[in-house]
file target-v8.tsv (TSV, C-alpha atoms)
chain	number	residue	atom	x	y	z
J	1	MET	CA	-75.09	16.55	157.27
J	2	ASP	CA	-78.31	16.78	155.23
J	3	PHE	CA	-81.30	17.90	157.29
J	4	GLY	CA	-83.67	18.13	154.33
J	5	LEU	CA	-86.47	15.73	153.48
J	6	SER	CA	-86.69	14.03	150.12
J	7	GLN	CA	-89.60	14.79	147.82
J	8	GLU	CA	-91.10	11.41	148.71
J	9	GLN	CA	-90.80	12.11	152.43
J	10	GLU	CA	-92.43	15.52	152.01
J	11	MET	CA	-95.32	13.87	150.15
J	12	ILE	CA	-95.72	11.21	152.86
J	13	VAL	CA	-95.75	13.86	155.61
J	14	GLU	CA	-98.37	15.92	153.76
J	15	THR	CA	-100.52	12.83	153.10
J	16	VAL	CA	-100.48	11.58	156.68
J	17	ARG	CA	-101.07	15.06	158.11
J	18	ALA	CA	-104.05	15.54	155.80
J	19	PHE	CA	-105.39	12.12	156.84
J	20	VAL	CA	-105.14	13.03	160.52
J	21	GLU	CA	-106.80	16.40	160.00
J	22	THR	CA	-109.70	15.05	157.91
J	23	GLU	CA	-110.24	11.56	159.36
J	24	ILE	CA	-109.16	11.92	162.99
J	25	TYR	CA	-109.73	15.50	164.19
J	26	PRO	CA	-113.51	15.54	163.52
J	27	HIS	CA	-114.09	12.58	165.88
J	28	GLU	CA	-111.77	13.55	168.73
J	29	ASN	CA	-114.23	15.50	170.87
J	30	GLU	CA	-116.80	12.71	170.83
J	31	VAL	CA	-114.20	10.07	171.71
J	32	GLU	CA	-112.94	12.31	174.51
J	33	ARG	CA	-116.50	12.76	175.81
J	34	THR	CA	-117.55	9.11	175.68
J	35	GLY	CA	-114.22	7.32	176.01
J	36	ILE	CA	-115.35	5.01	173.20
J	37	VAL	CA	-114.37	4.55	169.56
J	38	PRO	CA	-117.34	2.99	167.75
J	39	THR	CA	-116.37	-0.27	166.07
J	40	GLU	CA	-117.47	0.88	162.62
J	41	LEU	CA	-115.46	4.10	162.94
J	42	GLY	CA	-112.33	2.14	163.81
J	43	ARG	CA	-112.87	-0.14	160.82
J	44	GLU	CA	-113.46	2.85	158.54
J	45	ILE	CA	-110.17	4.46	159.59
J	46	GLN	CA	-108.42	1.13	159.02
J	47	ARG	CA	-109.98	0.70	155.56
J	48	LYS	CA	-108.98	4.21	154.49
J	49	CYS	CA	-105.43	3.66	155.74
J	50	ILE	CA	-105.22	0.42	153.74
J	51	ASP	CA	-106.56	2.23	150.66
J	52	LEU	CA	-103.82	4.86	151.07
J	53	GLY	CA	-101.20	2.11	151.14
J	54	PHE	CA	-99.92	3.07	154.60
J	55	TYR	CA	-101.16	0.12	156.63
J	56	ALA	CA	-98.23	-1.74	158.23
J	57	CYS	CA	-95.89	0.85	156.73
J	58	ASN	CA	-93.28	-0.24	159.31
J	59	PHE	CA	-92.97	-3.67	157.63
J	60	PRO	CA	-90.92	-4.71	154.57
J	61	GLU	CA	-92.46	-4.57	151.11
J	62	GLU	CA	-91.81	-8.26	150.50
J	63	ILE	CA	-94.45	-9.20	153.07
J	64	GLY	CA	-96.96	-6.50	152.11
J	65	GLY	CA	-95.79	-3.50	154.11
J	66	ALA	CA	-94.77	-0.13	152.74
J	67	GLY	CA	-91.11	-0.76	153.55
J	68	LEU	CA	-90.43	2.68	155.01
J	69	ASP	CA	-87.00	3.34	156.46
J	70	HIS	CA	-86.74	4.36	160.10
J	71	VAL	CA	-86.54	8.09	159.45
J	72	THR	CA	-89.59	8.12	157.17
J	73	PHE	CA	-91.59	5.92	159.53
J	74	THR	CA	-90.66	8.24	162.40
J	75	LEU	CA	-92.03	11.15	160.36
J	76	VAL	CA	-95.29	9.20	159.92
J	77	GLU	CA	-95.50	8.62	163.67
J	78	ARG	CA	-94.82	12.31	164.29
J	79	GLU	CA	-97.82	13.27	162.17
J	80	LEU	CA	-100.03	10.62	163.77
J	81	GLY	CA	-99.04	12.06	167.15
J	82	ARG	CA	-101.14	15.11	166.32
J	83	GLY	CA	-104.32	13.05	166.62
J	84	SER	CA	-106.17	11.12	169.30
J	85	LEU	CA	-104.39	7.84	170.04
J	86	GLY	CA	-107.72	6.07	170.43
J	87	LEU	CA	-108.35	6.78	166.75
J	88	THR	CA	-104.88	6.69	165.20
J	89	VAL	CA	-104.28	3.17	166.54
J	90	PHE	CA	-106.45	2.01	163.63
J	91	PHE	CA	-103.96	3.54	161.18
J	92	GLY	CA	-102.27	0.19	161.71
J	93	ARG	CA	-98.66	-0.32	162.77
J	94	PRO	CA	-98.43	-3.96	163.94
J	95	SER	CA	-95.75	-4.87	166.49
J	96	GLY	CA	-92.36	-5.18	164.79
J	97	ILE	CA	-91.73	-8.14	167.07
J	98	LEU	CA	-93.89	-10.19	164.67
J	99	MET	CA	-90.96	-10.30	162.25
J	100	ALA	CA	-89.71	-13.11	164.49
J	101	CYS	CA	-92.56	-15.32	163.21
J	102	GLU	CA	-91.41	-18.44	161.42
J	103	GLY	CA	-93.05	-21.16	159.33
J	104	GLU	CA	-96.80	-21.49	159.82
J	105	GLN	CA	-96.75	-18.51	162.22
J	106	ARG	CA	-96.20	-16.22	159.25
J	107	GLU	CA	-99.46	-17.30	157.61
J	108	ARG	CA	-101.41	-17.35	160.85
J	109	TYR	CA	-100.17	-14.15	162.52
J	110	LEU	CA	-97.61	-12.06	160.64
J	111	LEU	CA	-99.23	-11.76	157.21
J	112	PRO	CA	-102.82	-11.25	158.51
J	113	ALA	CA	-101.49	-8.50	160.80
J	114	VAL	CA	-99.74	-6.81	157.87
J	115	ARG	CA	-102.88	-7.03	155.71
J	116	GLY	CA	-105.09	-5.67	158.48
J	117	ASP	CA	-107.06	-8.91	158.80
J	118	LYS	CA	-105.89	-9.30	162.40
J	119	ILE	CA	-104.85	-6.86	165.12
J	120	ASP	CA	-102.17	-7.73	167.67
J	121	ALA	CA	-101.43	-6.50	171.20
J	122	LEU	CA	-98.24	-6.77	173.25
J	123	ALA	CA	-98.51	-8.13	176.80
J	124	ILE	CA	-95.50	-7.62	179.06
J	125	THR	CA	-96.53	-5.50	182.07
J	126	GLU	CA	-97.90	-7.08	185.25
J	127	PRO	CA	-99.12	-5.69	188.59
J	128	ASP	CA	-95.72	-6.51	190.16
J	129	ALA	CA	-93.54	-6.28	187.05
J	130	GLY	CA	-93.42	-2.99	185.19
J	131	SER	CA	-89.92	-1.68	184.55
J	132	ASP	CA	-88.52	-4.94	185.96
J	133	MET	CA	-89.42	-7.32	183.14
J	134	ARG	CA	-87.46	-10.16	184.75
J	135	GLY	CA	-89.67	-9.87	187.82
J	136	MET	CA	-92.79	-11.13	186.05
J	137	LYS	CA	-94.86	-13.78	187.81
J	138	CYS	CA	-96.90	-14.86	184.79
J	139	ALA	CA	-95.35	-18.26	184.09
J	140	ALA	CA	-95.61	-21.07	181.56
J	141	ARG	CA	-94.62	-24.65	182.37
J	142	ARG	CA	-93.96	-27.26	179.75
J	143	ASP	CA	-96.49	-30.11	179.57
J	144	GLY	CA	-95.72	-32.53	176.75
J	145	GLY	CA	-95.80	-30.63	173.48
J	146	ASP	CA	-97.59	-27.67	175.06
J	147	PHE	CA	-96.99	-24.92	177.57
J	148	VAL	CA	-99.53	-24.21	180.33
J	149	LEU	CA	-99.77	-20.51	181.07
J	150	ASN	CA	-100.92	-19.00	184.38
J	151	GLY	CA	-100.86	-15.43	185.61
J	152	THR	CA	-102.06	-11.89	185.03
J	153	LYS	CA	-101.06	-9.00	182.78
J	154	HIS	CA	-102.37	-5.45	183.06
J	155	PHE	CA	-102.10	-2.07	181.33
J	156	ILE	CA	-102.21	-3.94	178.01
J	157	SER	CA	-102.93	-1.37	175.30
J	158	HIS	CA	-105.76	-2.00	172.79
J	159	ALA	CA	-106.11	-5.65	173.77
J	160	ASP	CA	-109.86	-5.00	173.69
J	161	VAL	CA	-109.72	-4.83	169.88
J	162	ALA	CA	-106.95	-7.40	169.36
J	163	ASP	CA	-107.39	-10.76	167.66
J	164	PHE	CA	-104.27	-12.19	169.29
J	165	VAL	CA	-101.78	-11.18	171.94
J	166	ILE	CA	-97.99	-11.55	172.13
J	167	VAL	CA	-97.54	-12.69	175.73
J	168	PHE	CA	-94.25	-12.77	177.62
J	169	ALA	CA	-94.00	-15.29	180.46
J	170	ALA	CA	-91.35	-16.79	182.73
J	171	THR	CA	-90.35	-20.31	181.66
J	172	GLY	CA	-87.43	-21.04	183.97
J	173	GLU	CA	-84.46	-19.55	185.80
J	174	GLU	CA	-80.78	-19.06	185.08
J	175	GLU	CA	-77.69	-18.19	187.10
J	176	THR	CA	-76.12	-14.86	186.09
J	177	PRO	CA	-73.27	-12.76	187.52
J	178	LYS	CA	-76.00	-10.67	189.17
J	179	GLY	CA	-77.78	-13.67	190.69
J	180	ILE	CA	-80.65	-15.87	189.60
J	181	LYS	CA	-82.86	-14.38	186.90
J	182	LYS	CA	-85.95	-15.65	185.17
J	183	LYS	CA	-85.88	-16.94	181.62
J	184	ILE	CA	-88.57	-15.33	179.48
J	185	THR	CA	-90.43	-16.78	176.50
J	186	ALA	CA	-92.82	-15.04	174.08
J	187	PHE	CA	-96.06	-16.75	173.03
J	188	LEU	CA	-98.69	-16.02	170.38
J	189	VAL	CA	-102.07	-16.43	172.07
J	190	ASP	CA	-105.38	-16.17	170.19
J	191	ARG	CA	-108.41	-14.41	171.61
J	192	GLY	CA	-110.86	-17.09	172.69
J	193	THR	CA	-108.22	-19.63	173.70
J	194	PRO	CA	-109.60	-21.64	176.68
J	195	GLY	CA	-108.22	-20.27	179.94
J	196	PHE	CA	-107.47	-16.83	178.43
J	197	GLU	CA	-109.70	-13.91	179.40
J	198	ILE	CA	-109.51	-10.25	178.37
J	199	ARG	CA	-111.17	-7.92	180.88
J	200	LYS	CA	-111.73	-4.18	180.98
J	201	GLY	CA	-108.75	-2.43	182.50
J	202	TYR	CA	-108.50	0.80	184.42
J	203	ASP	CA	-110.04	4.16	183.57
J	204	SER	CA	-107.18	6.50	182.69
J	205	VAL	CA	-106.93	10.27	182.62
J	206	SER	CA	-104.69	9.93	179.56
J	207	HIS	CA	-105.71	8.96	176.02
J	208	ARG	CA	-109.40	8.34	176.53
J	209	GLY	CA	-110.70	5.95	173.89
J	210	TYR	CA	-107.35	4.14	173.84
J	211	HIS	CA	-108.12	1.42	176.33
J	212	ASN	CA	-105.95	-0.75	178.50
J	213	SER	CA	-107.03	-4.26	179.47
J	214	THR	CA	-106.30	-6.84	182.12
J	215	LEU	CA	-105.44	-10.30	180.82
J	216	SER	CA	-105.80	-13.43	182.93
J	217	PHE	CA	-104.46	-16.90	182.14
J	218	GLU	CA	-105.71	-19.91	184.06
J	219	ASP	CA	-104.25	-23.22	182.90
J	220	CYS	CA	-104.21	-21.77	179.39
J	221	ARG	CA	-102.71	-24.39	177.09
J	222	ILE	CA	-100.47	-23.07	174.31
J	223	PRO	CA	-98.92	-25.40	171.69
J	224	GLU	CA	-95.15	-25.11	171.38
J	225	ALA	CA	-95.72	-24.10	167.75
J	226	GLN	CA	-96.97	-20.77	169.10
J	227	VAL	CA	-93.70	-19.88	170.78
J	228	LEU	CA	-92.42	-16.69	169.13
J	229	GLY	CA	-88.71	-17.03	168.55
J	230	GLU	CA	-86.87	-19.48	170.81
J	231	VAL	CA	-87.87	-20.85	174.20
J	232	HIS	CA	-86.21	-18.81	177.00
J	233	ARG	CA	-85.12	-16.11	174.50
J	234	GLY	CA	-88.11	-13.80	174.81
J	235	PHE	CA	-86.08	-11.15	176.63
J	236	ASP	CA	-83.75	-10.93	173.63
J	237	ILE	CA	-86.69	-10.54	171.25
J	238	ALA	CA	-88.18	-7.81	173.41
J	239	ASN	CA	-84.92	-5.87	173.60
J	240	GLN	CA	-84.43	-6.17	169.86
J	241	TRP	CA	-87.81	-4.71	168.92
J	242	LEU	CA	-88.91	-2.46	171.80
J	243	TYR	CA	-86.58	0.32	170.68
J	244	GLY	CA	-89.13	1.00	167.95
J	245	THR	CA	-91.92	1.67	170.43
J	246	ARG	CA	-89.75	4.16	172.34
J	247	LEU	CA	-88.88	6.00	169.16
J	248	THR	CA	-92.60	6.08	168.36
J	249	VAL	CA	-93.35	7.67	171.74
J	250	ALA	CA	-90.73	10.34	171.09
J	251	ALA	CA	-92.10	11.06	167.61
J	252	THR	CA	-95.73	11.26	168.70
J	253	CYS	CA	-94.76	13.60	171.54
J	254	VAL	CA	-93.11	15.91	169.02
J	255	GLY	CA	-96.19	15.88	166.77
J	256	ARG	CA	-98.54	16.61	169.65
J	257	ALA	CA	-96.30	19.40	170.94
J	258	ARG	CA	-96.29	21.04	167.51
J	259	ARG	CA	-100.09	20.96	167.39
J	260	VAL	CA	-100.21	22.60	170.82
J	261	PHE	CA	-97.67	25.24	169.79
J	262	GLU	CA	-99.63	25.99	166.62
J	263	MET	CA	-102.59	26.86	168.85
J	264	ALA	CA	-100.61	28.95	171.34
J	265	LEU	CA	-98.64	31.07	168.85
J	266	PRO	CA	-101.54	32.76	166.98
J	267	TYR	CA	-103.45	33.14	170.24
J	268	ALA	CA	-100.53	35.05	171.76
J	269	ALA	CA	-100.43	37.29	168.67
J	270	GLU	CA	-104.19	37.97	168.65
J	271	ARG	CA	-105.24	38.03	172.28
J	272	LYS	CA	-105.06	41.56	173.68
J	273	GLN	CA	-104.73	42.70	177.26
J	274	PHE	CA	-103.92	46.23	178.42
J	275	GLY	CA	-104.15	47.45	174.83
J	276	LYS	CA	-101.61	45.15	173.18
J	277	PRO	CA	-101.20	41.48	172.19
J	278	ILE	CA	-100.15	39.32	175.12
J	279	GLY	CA	-97.30	38.04	172.93
J	280	ALA	CA	-95.72	41.48	173.12
J	281	ASN	CA	-94.99	40.82	176.79
J	282	GLN	CA	-91.81	38.92	177.58
J	283	GLY	CA	-93.72	36.84	180.11
J	284	VAL	CA	-95.50	35.24	177.13
J	285	SER	CA	-93.03	35.69	174.26
J	286	PHE	CA	-90.23	34.01	176.20
J	287	LYS	CA	-92.51	31.05	176.85
J	288	LEU	CA	-93.02	30.72	173.10
J	289	ALA	CA	-89.27	30.94	172.52
J	290	ASP	CA	-88.60	28.18	175.03
J	291	MET	CA	-91.42	26.01	173.66
J	292	ILE	CA	-90.26	26.06	170.05
J	293	THR	CA	-86.63	25.55	171.05
J	294	GLU	CA	-87.53	22.45	173.06
J	295	ILE	CA	-89.80	21.10	170.31
J	296	ASP	CA	-87.07	21.51	167.69
J	297	ALA	CA	-84.48	19.92	169.98
J	298	ALA	CA	-86.76	16.93	170.66
J	299	GLU	CA	-87.43	16.50	166.96
J	300	TRP	CA	-83.75	16.47	166.02
J	301	LEU	CA	-82.95	14.01	168.81
J	302	THR	CA	-85.72	11.75	167.52
J	303	LEU	CA	-84.84	11.95	163.83
J	304	SER	CA	-81.12	11.55	164.49
J	305	ALA	CA	-81.81	8.37	166.48
J	306	ALA	CA	-83.88	7.05	163.56
J	307	TRP	CA	-81.08	8.01	161.16
J	308	ARG	CA	-78.60	5.98	163.22
J	309	LEU	CA	-80.85	2.92	162.88
J	310	ASP	CA	-80.97	3.37	159.12
J	311	ALA	CA	-77.19	3.73	159.08
J	312	GLY	CA	-76.74	0.51	161.07
J	313	LEU	CA	-75.19	2.37	164.00
J	314	PRO	CA	-75.77	1.65	167.70
J	315	ALA	CA	-78.74	3.73	168.82
J	316	ASP	CA	-79.92	2.50	172.23
J	317	ARG	CA	-78.65	5.57	174.06
J	318	GLN	CA	-79.87	7.98	171.39
J	319	ILE	CA	-83.35	6.43	171.38
J	320	ALA	CA	-83.46	6.60	175.17
J	321	SER	CA	-82.42	10.26	175.03
J	322	ALA	CA	-85.11	11.01	172.46
J	323	LYS	CA	-87.84	9.25	174.43
J	324	LEU	CA	-86.75	10.89	177.69
J	325	TYR	CA	-86.46	14.41	176.36
J	326	ALA	CA	-89.49	14.40	174.04
J	327	SER	CA	-91.86	13.02	176.67
J	328	GLU	CA	-90.72	15.51	179.31
J	329	MET	CA	-90.73	18.32	176.72
J	330	LEU	CA	-94.38	17.60	175.89
J	331	ALA	CA	-95.34	17.99	179.53
J	332	ARG	CA	-93.67	21.40	179.70
J	333	VAL	CA	-95.07	22.62	176.38
J	334	THR	CA	-98.67	21.65	177.16
J	335	ASP	CA	-98.43	23.23	180.59
J	336	GLU	CA	-97.04	26.49	179.18
J	337	ALA	CA	-99.69	26.56	176.44
J	338	ILE	CA	-102.42	26.38	179.08
J	339	GLN	CA	-100.71	29.21	180.96
J	340	ILE	CA	-100.75	31.35	177.79
J	341	PHE	CA	-104.46	30.68	177.26
J	342	GLY	CA	-105.20	31.27	180.93
J	343	GLY	CA	-108.42	29.86	182.35
J	344	MET	CA	-109.75	29.12	178.87
J	345	GLY	CA	-106.96	26.61	178.41
J	346	LEU	CA	-108.57	24.34	180.98
J	347	MET	CA	-112.03	24.42	179.46
J	348	ASP	CA	-113.44	21.56	177.40
J	349	ASP	CA	-114.09	23.98	174.53
J	350	LEU	CA	-110.38	23.61	173.68
J	351	PRO	CA	-108.35	20.38	173.44
J	352	LEU	CA	-105.46	21.74	175.54
J	353	ALA	CA	-106.59	20.10	178.77
J	354	ARG	CA	-106.74	16.79	176.90
J	355	PHE	CA	-103.21	17.24	175.56
J	356	TRP	CA	-102.05	18.15	179.06
J	357	ARG	CA	-103.57	14.99	180.55
J	358	ASP	CA	-102.42	12.79	177.68
J	359	ALA	CA	-98.84	14.04	178.11
J	360	ARG	CA	-98.55	12.56	181.59
J	361	VAL	CA	-98.44	8.91	180.58
J	362	GLU	CA	-95.68	9.41	178.01
J	363	ARG	CA	-93.08	9.57	180.81
J	364	ILE	CA	-94.23	6.19	182.10
J	365	TRP	CA	-95.07	3.71	179.37
J	366	ASP	CA	-92.56	2.04	177.06
J	367	GLY	CA	-89.93	2.61	179.72
J	368	THR	CA	-90.19	5.29	182.40
J	369	SER	CA	-88.01	8.39	182.34
J	370	GLU	CA	-85.95	6.75	185.07
J	371	ILE	CA	-85.35	3.67	182.91
J	372	GLN	CA	-84.27	5.88	180.01
J	373	ARG	CA	-81.80	7.69	182.27
J	374	HIS	CA	-80.50	4.28	183.39
J	375	ILE	CA	-79.96	3.22	179.76
J	376	ILE	CA	-78.18	6.48	178.95
J	377	SER	CA	-75.93	6.51	182.01
J	378	ARG	CA	-75.07	2.80	181.62
J	379	ASP	CA	-74.03	3.41	178.02
J	380	LEU	CA	-71.75	6.26	179.14
J	381	LEU	CA	-70.17	4.54	182.14
J	382	ARG	CA	-69.74	0.93	181.03
J	383	PRO	CA	-66.84	1.67	178.62
J	384	LEU	CA	-65.05	3.22	181.59
J	385	GLY	CA	-65.53	0.10	183.72
J	386	ALA	CA	-68.04	1.72	186.06

call {"tool": "encode", "arguments": {"input": "target-v8.tsv", "output": "structure tokens"}}
result
Amino acid sequence: MDFGLSQEQEMIVETVRAFVETEIYPHENEVERTGIVPTELGREIQRKCIDLGFYACNFPEEIGGAGLDHVTFTLVERELGRGSLGLTVFFGRPSGILMACEGEQRERYLLPAVRGDKIDALAITEPDAGSDMRGMKCAARRDGGDFVLNGTKHFISHADVADFVIVFAATGEEETPKGIKKKITAFLVDRGTPGFEIRKGYDSVSHRGYHNSTLSFEDCRIPEAQVLGEVHRGFDIANQWLYGTRLTVAATCVGRARRVFEMALPYAAERKQFGKPIGANQGVSFKLADMITEIDAAEWLTLSAAWRLDAGLPADRQIASAKLYASEMLARVTDEAIQIFGGMGLMDDLPLARFWRDARVERIWDGTSEIQRHIISRDLLRPLGA
């Protein structure tokens, strides 16, 4: 097994880390204070990312992306995880689900998203349908050559800056061995479409500046040409592409944890109490040992899951394990870092309190920890008939 990075991967890691440190770090405190990313700042970050050649680096070269493999893209996400999500979102990684675009959809949605001309958002979650995607109440009924969409979505990330939204809605029912379940269809819906409204969402303690929105659809008419994939097959599309978002969560958690650790380690070596560095005490040094062990373990889980994707191997369980462990690891590492810094760790002069708050949502979005445990246990037990 080769655990080394290629020269190209090393260069990519160094480039992205330098970008985050020079273009993201200087603006973090202001975004944290105001909860706002100025429009021009977001555009500037996007322009610089495009100039670097990293925009849409998760897409194939033949359509204008950088064509990175899964391992290399995961390394990029790890480095972006060091920075404020409200700012790094403009680094530009459109939803992989857009690869399902066909015909005119490619010119209208896929290619503009890859070029950075348009920004997309993914709308699945509803007030009564979070982990239970099949329980969604947002529905679309066929009316001639169109679908008429009604319902509400919430917790929709960065929809406030999106030009179009990929909306999942119920379009029928089917009988399954486990009872009647809803059929789901994905739609491409432009901002400004009559009957479609994007409203300010909830104020969150996590990732200030990275906003969620509430979407409402009232007799919103969508041409059938804007169905993404096949009618009633939206659940399949979601399952095919959502693994990437979970791997991203794992990678960003690892990057953020490393930034936290890189603050705690020198502090433990320099801060003196009772005539010696606090790191000389096992109460602190053992915390550091546990922190780095967990960070390394989360990183290898994450990279090995990405490697399986590149190798064409099944990876659902491994991705779930990476997302589960990395998100829970980040919570422990940020908490222990604050303990090492003591009261100062909770002050706004340091970013630790922000990392601590930001860590909380990672165990919820893109599949809760409980959903990841369900995926893992199902993968283990199904071959045994359980």

call {"tool": "atom_distance", "arguments": {"input": "target-v8.tsv", "atom1": "CA of Val161 in chain J", "atom2": "CA of Met136 in chain J"}}
result
24.2 Å

call {"tool": "closest_residue", "arguments": {"input": "target-v8.tsv", "among": "J:Leu324, J:Ala250, J:Ile319, J:Cys220", "to": "Asn150 in chain J", "atoms": "all atoms listed in the file"}}
result
J:Cys220

call {"tool": "atom_distance", "arguments": {"input": "target-v8.tsv", "atom1": "CA of Ser216 in chain J", "atom2": "CA of Lys183 in chain J"}}
result
20.3 Å

call {"tool": "residues_near_point", "arguments": {"input": "target-v8.tsv", "point": "(-100.0, 32.1, 175.1)", "cutoff": "8 Å", "atoms": "all atoms listed in the file", "output": "PyMOL selection string"}}
result
chain J and resi 264-265+267-268+278-279+284-285+287-288+336-342

call {"tool": "write_last_selection", "arguments": {"input": "target-v8.tsv", "atoms": "C-alpha atoms", "output": "PDB file, in the frame of the given file"}}
result
ATOM      1  CA  ALA J 264    -100.610  28.950 171.340  1.00  0.00           C
ATOM      2  CA  LEU J 265     -98.640  31.070 168.850  1.00  0.00           C
ATOM      3  CA  TYR J 267    -103.450  33.140 170.240  1.00  0.00           C
ATOM      4  CA  ALA J 268    -100.530  35.050 171.760  1.00  0.00           C
ATOM      5  CA  ILE J 278    -100.150  39.320 175.120  1.00  0.00           C
ATOM      6  CA  GLY J 279     -97.300  38.040 172.930  1.00  0.00           C
ATOM      7  CA  VAL J 284     -95.500  35.240 177.130  1.00  0.00           C
ATOM      8  CA  SER J 285     -93.030  35.690 174.260  1.00  0.00           C
ATOM      9  CA  LYS J 287     -92.510  31.050 176.850  1.00  0.00           C
ATOM     10  CA  LEU J 288     -93.020  30.720 173.100  1.00  0.00           C
ATOM     11  CA  GLU J 336     -97.040  26.490 179.180  1.00  0.00           C
ATOM     12  CA  ALA J 337     -99.690  26.560 176.440  1.00  0.00           C
ATOM     13  CA  ILE J 338    -102.420  26.380 179.080  1.00  0.00           C
ATOM     14  CA  GLN J 339    -100.710  29.210 180.960  1.00  0.00           C
ATOM     15  CA  ILE J 340    -100.750  31.350 177.790  1.00  0.00           C
ATOM     16  CA  PHE J 341    -104.460  30.680 177.260  1.00  0.00           C
ATOM     17  CA  GLY J 342    -105.200  31.270 180.930  1.00  0.00           C
TER      18      GLY J 342
END

call {"tool": "closest_residue", "arguments": {"input": "target-v8.tsv", "among": "J:Thr293, J:Asn58, J:Thr22, J:Ser304", "to": "Arg332 in chain J", "atoms": "all atoms listed in the file"}}
result
J:Thr293

call {"tool": "residues_around", "arguments": {"input": "target-v8.tsv", "residues": "Glu362 in chain J", "least_positions_apart": "4", "cutoff": "9 Å", "atoms": "all atoms listed in the file", "output": "JSON list (two decimals) with C-alpha atoms, in the frame of the given file"}}
result
[["chain", "number", "residue", "atom", "x", "y", "z"],
["J", 249, "VAL", "CA", -93.35, 7.67, 171.74],
["J", 250, "ALA", "CA", -90.73, 10.34, 171.09],
["J", 253, "CYS", "CA", -94.76, 13.60, 171.54],
["J", 323, "LYS", "CA", -87.84, 9.25, 174.43],
["J", 326, "ALA", "CA", -89.49, 14.40, 174.04],
["J", 327, "SER", "CA", -91.86, 13.02, 176.67],
["J", 328, "GLU", "CA", -90.72, 15.51, 179.31],
["J", 330, "LEU", "CA", -94.38, 17.60, 175.89],
["J", 331, "ALA", "CA", -95.34, 17.99, 179.53],
["J", 358, "ASP", "CA", -102.42, 12.79, 177.68],
["J", 366, "ASP", "CA", -92.56, 2.04, 177.06],
["J", 368, "THR", "CA", -90.19, 5.29, 182.40],
["J", 369, "SER", "CA", -88.01, 8.39, 182.34]]

call {"tool": "closest_residue", "arguments": {"input": "target-v8.tsv", "among": "J:Thr72, J:Tyr55, J:Ser84, J:Asp290", "to": "Ala113 in chain J", "atoms": "all atoms listed in the file"}}
result
J:Tyr55

call {"tool": "axis_aligned_box", "arguments": {"input": "target-v8.tsv", "around": "range 332-336 of chain J", "padding_each_side": "6 Å", "output": "JSON"}}
result
{"center_x": -96.2, "center_y": 23.9, "center_z": 178.5, "size_x": 17.0, "size_y": 17.1, "size_z": 16.2}

call {"tool": "residues_around", "arguments": {"input": "target-v8.tsv", "residues": "Gln318 in chain J", "least_positions_apart": "5", "cutoff": "10 Å", "atoms": "only C-alpha atoms", "output": "list in words"}}
result
Leu247, Leu301, Thr302, Leu303, Ser304, Ala305, Ala306, Arg308, Leu309, Lys323, Leu324, Gln372, Ile375, Ile376 and Asp379 of chain J
